[in-house]
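Visitor: Below: one structure in structure tokens.
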Amino acid sequence: MLLNLGNMKKNKQILWALVAFLLALLSVGAVLSQSRELTISDLVSTLKGYEPFWVILAIVCGIGYIAMEACALWYLLRSCGFPRSYFQTLEYASADIYCAAITPSATGGQPVCAWFMKRDGIPMGYITAVLAMYLIMHTFATLTIGFICLFASPGAFLDTSILSKFLIILGYLTVTALGILFLFLLRGQDRIFRVGCRIIDWLVKKRLVKRPDYWKKKLKGTLDDYSAGINMMHGKYRVLLLTFLFNLLQRASQTVVSTLMYLAGGGAVRQAGRIFATQIFTSIGSMCLPVPGGMGVSDYLLYDGLRALMDKEAALKLELLSRTTSFYLCVAVSLLIVIIGYIRRKTFYFSLRLKK
């Protein structure tokens, strides 16, 4: 039975990966279809004409999205008394980013990230506390940059279409609601336990689970560890501030990619802030719909925002090249790190068995 469950999980992951790949192809195809003249070879030619310095910097910032999350997780784990190497936290971050990109509403990221942490000997309750704190800081970092851009560059929002405005506003509301929910979960352990016990009782009633006392005890132990992890970070304003700053850098590193690609193509420096704001509105707006990686939604929002600054062909090229660097390249690098981490763990456990 356990084997069947494992196979079901693997099949589900493969299915979502295929869905995400299909969505990526459809998104790129939809953008290319906006112009009869624009082809992949045109994009390659355009990229070759870009200033190498800005392109390399854009690639570094795109990958920096992974590095900054790894820094945040590395610091949070140390604060909870579970120091891990930076390469290990890089694997955790990569697992989160890759699986979040191929599952609806990024639901697959944190469970896989937690699996890697669990394999490295970190108790589940502390894992939950660390990931909850990371999510809270990431949410507020996104809102911070989002509201700064809203006040600093309102034109980037006002010049978009009615549909884009609706999606962006809905995105702001969604992110704000998530932030409030995460804050509630920080101190809602008793309520979580009561809800969990009701779910266990319902599963027992449906004969899907046996030994209710065992599962309730296990839930209580996990929540106790979770509370301990939260308490270890409570009042440590330096920990919270640095985690927030890591998340701020993480969000900024991804957002600035479009600006750097714009400058690489000879864009005017005075418009750099406007491009940056357009990208952050794109990121926030894409969070309102449960689409893997925001594919399709992000492409539309970024293209629509860029269209107010440049002609159709230029907007299409910049959208595709920016999205490829900030999202697809980042996901590909994350996948590579996850594969390396998985092989490393398999090799390690296999060598331990041989020694025994």
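Naming scheme: A, B, ... for chains in displayed order of the structure tokens; residues 1 onward per chain; ligands 1 onward as shown.
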When DSSP works through the backbone of this structure, what residues of range 174-335 of chain A end up as alpha helix (DSSP H), shown as a ChimeraX atom specification?

Guide: /A:174-186,189-205,212-233,237-264,272-285,297-307,312-323,329-335

Visitor: Select, from A:Arg251, A:Lys312, A:Arg198, A:Lys317, the residue with the minimum atom-to-atom distance to Met137 in chain A, counting only C-alpha atoms.

Guide: A:Arg251

Visitor: Neighbouring residues of Tyr98 in chain A were defined as those with any atom within 6 Å, considering only C-alpha atoms; residues of the same chain fewer than 5 positions away were excluded. Please report them as a CSV table (one decimal) with all heavy atoms, in the first residue's frame.

Guide:
```csv
chain,number,residue,atom,x,y,z
A,331,VAL,N,13.8,28.2,-12.9
A,331,VAL,CA,13.2,26.9,-12.6
A,331,VAL,C,14.1,25.8,-13.1
A,331,VAL,O,14.2,24.8,-12.4
A,331,VAL,CB,11.8,26.8,-13.3
A,331,VAL,CG1,11.2,25.4,-13.3
A,331,VAL,CG2,10.8,27.8,-12.7
A,334,SER,N,16.9,25.4,-10.6
A,334,SER,CA,16.3,24.8,-9.4
A,334,SER,C,16.2,23.3,-9.6
A,334,SER,O,16.5,22.5,-8.7
A,334,SER,CB,14.9,25.4,-9.1
A,334,SER,OG,15.1,26.8,-8.8
A,335,LEU,N,15.7,22.9,-10.8
A,335,LEU,CA,15.5,21.5,-11.1
A,335,LEU,C,16.8,20.8,-11.0
A,335,LEU,O,17.0,19.7,-10.5
A,335,LEU,CB,14.8,21.3,-12.4
A,335,LEU,CG,14.7,19.8,-12.9
A,335,LEU,CD1,13.9,19.0,-11.9
A,335,LEU,CD2,14.0,19.8,-14.3
```
